[in-house]
Amino acid sequence: MYRKYLFGYGSQLTMVLFVTLVFGVFSSYAQAASKVVVIGNILPLSGPSASVGVEGKNMREFVIKKFNAAGGLKCDGALNGSKIKMIYLDTKSDPTVGVSDVQQLINQDHADLLTGAWNSGVTYPATQIAEMNKIPFVVPVSVMDRITERGFKYTFRVAAKDSWWTKDQFKFIDYLAHKSGKKIKTVGFVYINNDFGKSFDDVWVKLAKQYGYKVVLNQAYGEAATDLTPIVLKMKSVKPQVVLLVSDAADAILLQNTMASYDVHPWALISSGGGQADPSFIKNTGKNAQYLFDESEWASDMNRPGLQELNKSFKKIYGSDVNGETMDAYIGIHTILATLQKTCSTNPDKFRQAILNTEFKGGPFSVMAYPSVKFNGKGQNVNAGLIMVQVRKVGNKYERVTVYPEEDARAGFKIVFPQPNHY
Amino acid sequence: MGSAILNGILMGSIYGLTAIGLTLIFGVLKVINFAQGAFLMLGLFSTYWFVELTGANPYLALIFVVPFTYFTGYYTQKFLIKPVFESEKDVREPIGVIIVTTGIWYMLDNLALMLFGAEYRTINVPSLSEAISFFGLYAPLSKIIGFFISITIAGALFWFLKYSKMGKAIRATSQDREAASLMGINQYKIYNVTFGIGIAICGIAGTVLLPFYYVYPTAGMHLDILDFVIVVLGGLGSIPGALVGGLIIGLIESVGSQFISYSWTIEIIYLLFLVILFVKPEGLFGVKGEF
């Protein structure tokens, strides 16, 4: 019996080896016939930021499947007719995992290009490994300023950076004052006491001085805050006209509902795309969040050619609407594809030259919030712009409605400032 | 300013309520229940689903929440904690039990995550959340009701322990469990009841919090940390201590942040916590073995 089994396994093993060998030979022939461009993706596919990571992956798949089905790269050179192969590795939002992912993609999978990683904390070290290996890394989302400020040659960021968010918030306050003819003298800052909140607050204080606003409220609260009434009561007594916020989801809900409960409403409340952008925010605040402004990179109600069609075909496959996160992934991957069409090569220096010398606009880029993608010498997209949405009643629901810049505002909606029930 | 003091008192009493269960269980079982926050979350979720499914007033949920959490506590002690207790019966402060409660904490949090998802939920009862004004002070009705419920529960529990037969048995067990056993008190029965009462108070705290708070699988954790501070401040095992500890923290948080940044008030609370540990480790009302 034993012998029989042994032989049985032996013959199966031989078979498997043979099949592997044959396939191996064939597939290497196939590879030689048309080269494959390998794009390594590192994304948070599990852990705390998994939902945005998975959404980003879906959009990349959506774009690449269509691109490969249409015949792959069409260009004048070695890569003509090449297909794109996507490899996805999970970072779990952990910088150490992200770094080893990038090493694996470079050394084992021989990735020609890299993209990801959503979390700034992961992108920062991951791009360093890519730079050392001279592999171009296109960053669609991560906003931390320093990512493009290390003089790297092969890091390219599509998203707007941290300091632009705060700068645009103050520009917007200025715009509100001009537009309404009201004088704004006082501002207040309320933020969650973590990296995200603290980095915004530091810049706010400087900008307020520059713009000549008096800061009458500057309050931080811990991530474990259970009652935000003290801050709301303080706000009620010092009455800042405009209040800027950085929040995570739970505290954004708590703060908004507490403010409504004490009927404390400044002229304008401007948040920074954190917790207020989370879908659960409007669900749990509803009317209490009416007239809140939230800064954003993109909104689904922007009137852009081809957007409805894109949304429809994406939703049909993946069951969800295109949102800010998937839009970032969409623009990032199209930037890579458009650059490859130009270079028709995977040479990193040619890639750098082409990406820096191109203004990406029209076609797939026409669904963006801003007119075009253009990189400066540091690899930062200088055209990346921000918009403002305001929570408004649409029918019997509350929605995020684009109100600024004016040319992008949803038809029939004008900014409400100061909000009608302000103190 | 008046409203800030009022808010401090109201929130403080509610913080105190969330800590009573912890202090009671420690006082009797000599076990720090690390699952306290998770049971609070259970109270929040059971109130949430009661309101969501019946559309009734959230305080009516107490009819369901109190027995539900009482029996959850009772049987948790009976089936999960007691076996470990028995194997460690010669130790005064059983460590194994603490590890079991930590396990229960993780289990409940993750169970909630699996069943209800990582989504923030609130109930919206405008009549409760709108601040009402009296003598120029403002406070939402939900917190005022919460204050009265907290005081009533603390008073009732105090009375129960002082005068009822079961209460006396609980106190006897807390003072000396072996002597109590010799007097014919079933030690483990007392533990079951105490754990049940402690968890039921968590459930009540959940009902009190929900109208102005939110529920989330790890929502109890924030209050958990606060509860430990309160209990140490007031004295481990002391019920009036929990209430007074809660009030002190509520007042520091609410009044302090009218003058300094809110996050600094939290620093002050932790500083006070350390000072109490150094100067008066038994806490303000902590007399060992006495309620």
# chains A, B, ... in the order shown; residues from 1 in each chain; ligands from 1
call {"tool": "select_by_dssp", "arguments": {"residues": "region 108-225 of chain B", "states": "alpha helix (DSSP H)", "output": "ChimeraX atom specification"}}
result
/B:108-116,126-129,141-163,165-175,177-182,187-209,219-225
call {"tool": "interface_residues", "arguments": {"of": "chain A", "to": "chain B", "cutoff": "8 Å", "atoms": "only C-alpha atoms", "output": "VMD selection string"}}
result
chain A and resid 193 218 to 222 224 to 227 229 to 231 233 to 234 250 254 257 to 258 260 to 263 280 284
call {"tool": "write_last_selection", "arguments": {"atoms": "C-alpha atoms", "output": "PDB file, in the first residue's frame"}}
result
ATOM      1  CA  ASN A 193      -5.330  67.149  19.158  1.00  0.00           C
ATOM      2  CA  ASN A 218      -8.265  78.328  19.908  1.00  0.00           C
ATOM      3  CA  GLN A 219      -9.329  75.039  21.438  1.00  0.00           C
ATOM      4  CA  ALA A 220      -7.949  71.540  21.060  1.00  0.00           C
ATOM      5  CA  TYR A 221      -9.627  68.451  22.416  1.00  0.00           C
ATOM      6  CA  GLY A 222      -8.273  64.929  22.855  1.00  0.00           C
ATOM      7  CA  ALA A 224     -11.059  60.478  23.626  1.00  0.00           C
ATOM      8  CA  ALA A 225     -13.171  63.556  24.425  1.00  0.00           C
ATOM      9  CA  THR A 226     -16.577  62.495  25.710  1.00  0.00           C
ATOM     10  CA  ASP A 227     -18.263  65.876  26.115  1.00  0.00           C
ATOM     11  CA  THR A 229     -20.130  71.139  25.656  1.00  0.00           C
ATOM     12  CA  PRO A 230     -17.335  73.124  27.380  1.00  0.00           C
ATOM     13  CA  ILE A 231     -15.952  74.189  23.992  1.00  0.00           C
ATOM     14  CA  LEU A 233     -20.145  77.155  25.797  1.00  0.00           C
ATOM     15  CA  LYS A 234     -16.834  78.951  25.387  1.00  0.00           C
ATOM     16  CA  ALA A 250     -17.059  60.745  16.028  1.00  0.00           C
ATOM     17  CA  LEU A 254     -20.641  65.161  18.741  1.00  0.00           C
ATOM     18  CA  ASN A 257     -25.024  68.074  17.596  1.00  0.00           C
ATOM     19  CA  THR A 258     -23.875  69.813  20.782  1.00  0.00           C
ATOM     20  CA  ALA A 260     -27.227  72.677  17.685  1.00  0.00           C
ATOM     21  CA  SER A 261     -28.432  71.655  21.117  1.00  0.00           C
ATOM     22  CA  TYR A 262     -27.139  74.898  22.670  1.00  0.00           C
ATOM     23  CA  ASP A 263     -28.194  76.889  19.597  1.00  0.00           C
ATOM     24  CA  SER A 280     -21.855  58.912   8.611  1.00  0.00           C
ATOM     25  CA  ASN A 284     -26.063  61.499  12.209  1.00  0.00           C
TER      26      ASN A 284
END
call {"tool": "residues_around", "arguments": {"residues": "Asp109 (chain B)", "least_positions_apart": "5", "cutoff": "7 Å", "atoms": "only C-alpha atoms", "output": "number ranges by chain"}}
result
B: 38, 217-218
call {"tool": "residues_around", "arguments": {"residues": "Gly56 (chain A)", "least_positions_apart": "6", "cutoff": "9 Å", "atoms": "only C-alpha atoms", "output": "ChimeraX atom specification"}}
result
/A:43,118,325-330
call {"tool": "residues_around", "arguments": {"residues": "Arg177 (chain B)", "least_positions_apart": "4", "cutoff": "7 Å", "atoms": "only C-alpha atoms", "output": "compact mmCIF listing (two decimals) with C-alpha atoms, in the first residue's frame"}}
result
# COMPACT_ATOMS: atom_id res chain seq x y z
CA THR B 173 -18.94 39.32 51.48
CA SER B 181 -19.36 32.00 53.79
CA GLN B 187 -20.33 33.71 48.13
call {"tool": "atom_distance", "arguments": {"atom1": "CA of Gly286 (chain B)", "atom2": "CA of Gly27 (chain B)"}}
result
10.1 Å
call {"tool": "residues_around", "arguments": {"residues": "Thr155 (chain A)", "least_positions_apart": "5", "cutoff": "12 Å", "atoms": "only C-alpha atoms", "output": "MDAnalysis selection string"}}
result
chainID A and resid 113:116 123:140 142 146:150 348:349 351:352 355:356 375:381
call {"tool": "select_by_dssp", "arguments": {"residues": "region 125-288 of chain A", "states": "strand (DSSP E)", "output": "JSON, numbers by chain"}}
result
{"A": [137, 138, 139, 155, 156, 157, 186, 187, 188, 189, 190, 191, 192, 214, 215, 216, 217, 218, 219, 220, 221, 242, 243, 244, 245, 246, 268, 269, 270, 271]}
call {"tool": "atom_distance", "arguments": {"atom1": "CA of Phe417 (chain A)", "atom2": "CA of Tyr370 (chain A)"}}
result
24.4 Å
call {"tool": "closest_residue", "arguments": {"among": "B:Asp224, B:Ser174, B:Thr207, B:Ile249", "to": "Val66 (chain B)", "atoms": "only C-alpha atoms"}}
result
B:Thr207
call {"tool": "atom_distance", "arguments": {"atom1": "CA of Phe196 (chain A)", "atom2": "CA of Leu272 (chain B)"}}
result
28.7 Å
call {"tool": "residues_around", "arguments": {"residues": "Asn33 (chain B)", "least_positions_apart": "5", "cutoff": "8 Å", "atoms": "only C-alpha atoms", "output": "list in words"}}
result
Leu22, Ile25, Phe26, Ile98, Thr101 and Thr102 of chain B
call {"tool": "write_last_selection", "arguments": {"atoms": "C-alpha atoms", "output": "JSON list (two decimals), in the first residue's frame"}}
result
[["chain", "number", "residue", "atom", "x", "y", "z"],
["B", 22, "LEU", "CA", -16.87, 49.54, 38.32],
["B", 25, "ILE", "CA", -17.73, 45.22, 41.38],
["B", 26, "PHE", "CA", -14.30, 46.06, 42.73],
["B", 98, "ILE", "CA", -8.80, 40.47, 35.41],
["B", 101, "THR", "CA", -12.59, 40.52, 31.93],
["B", 102, "THR", "CA", -10.09, 41.87, 29.40]]
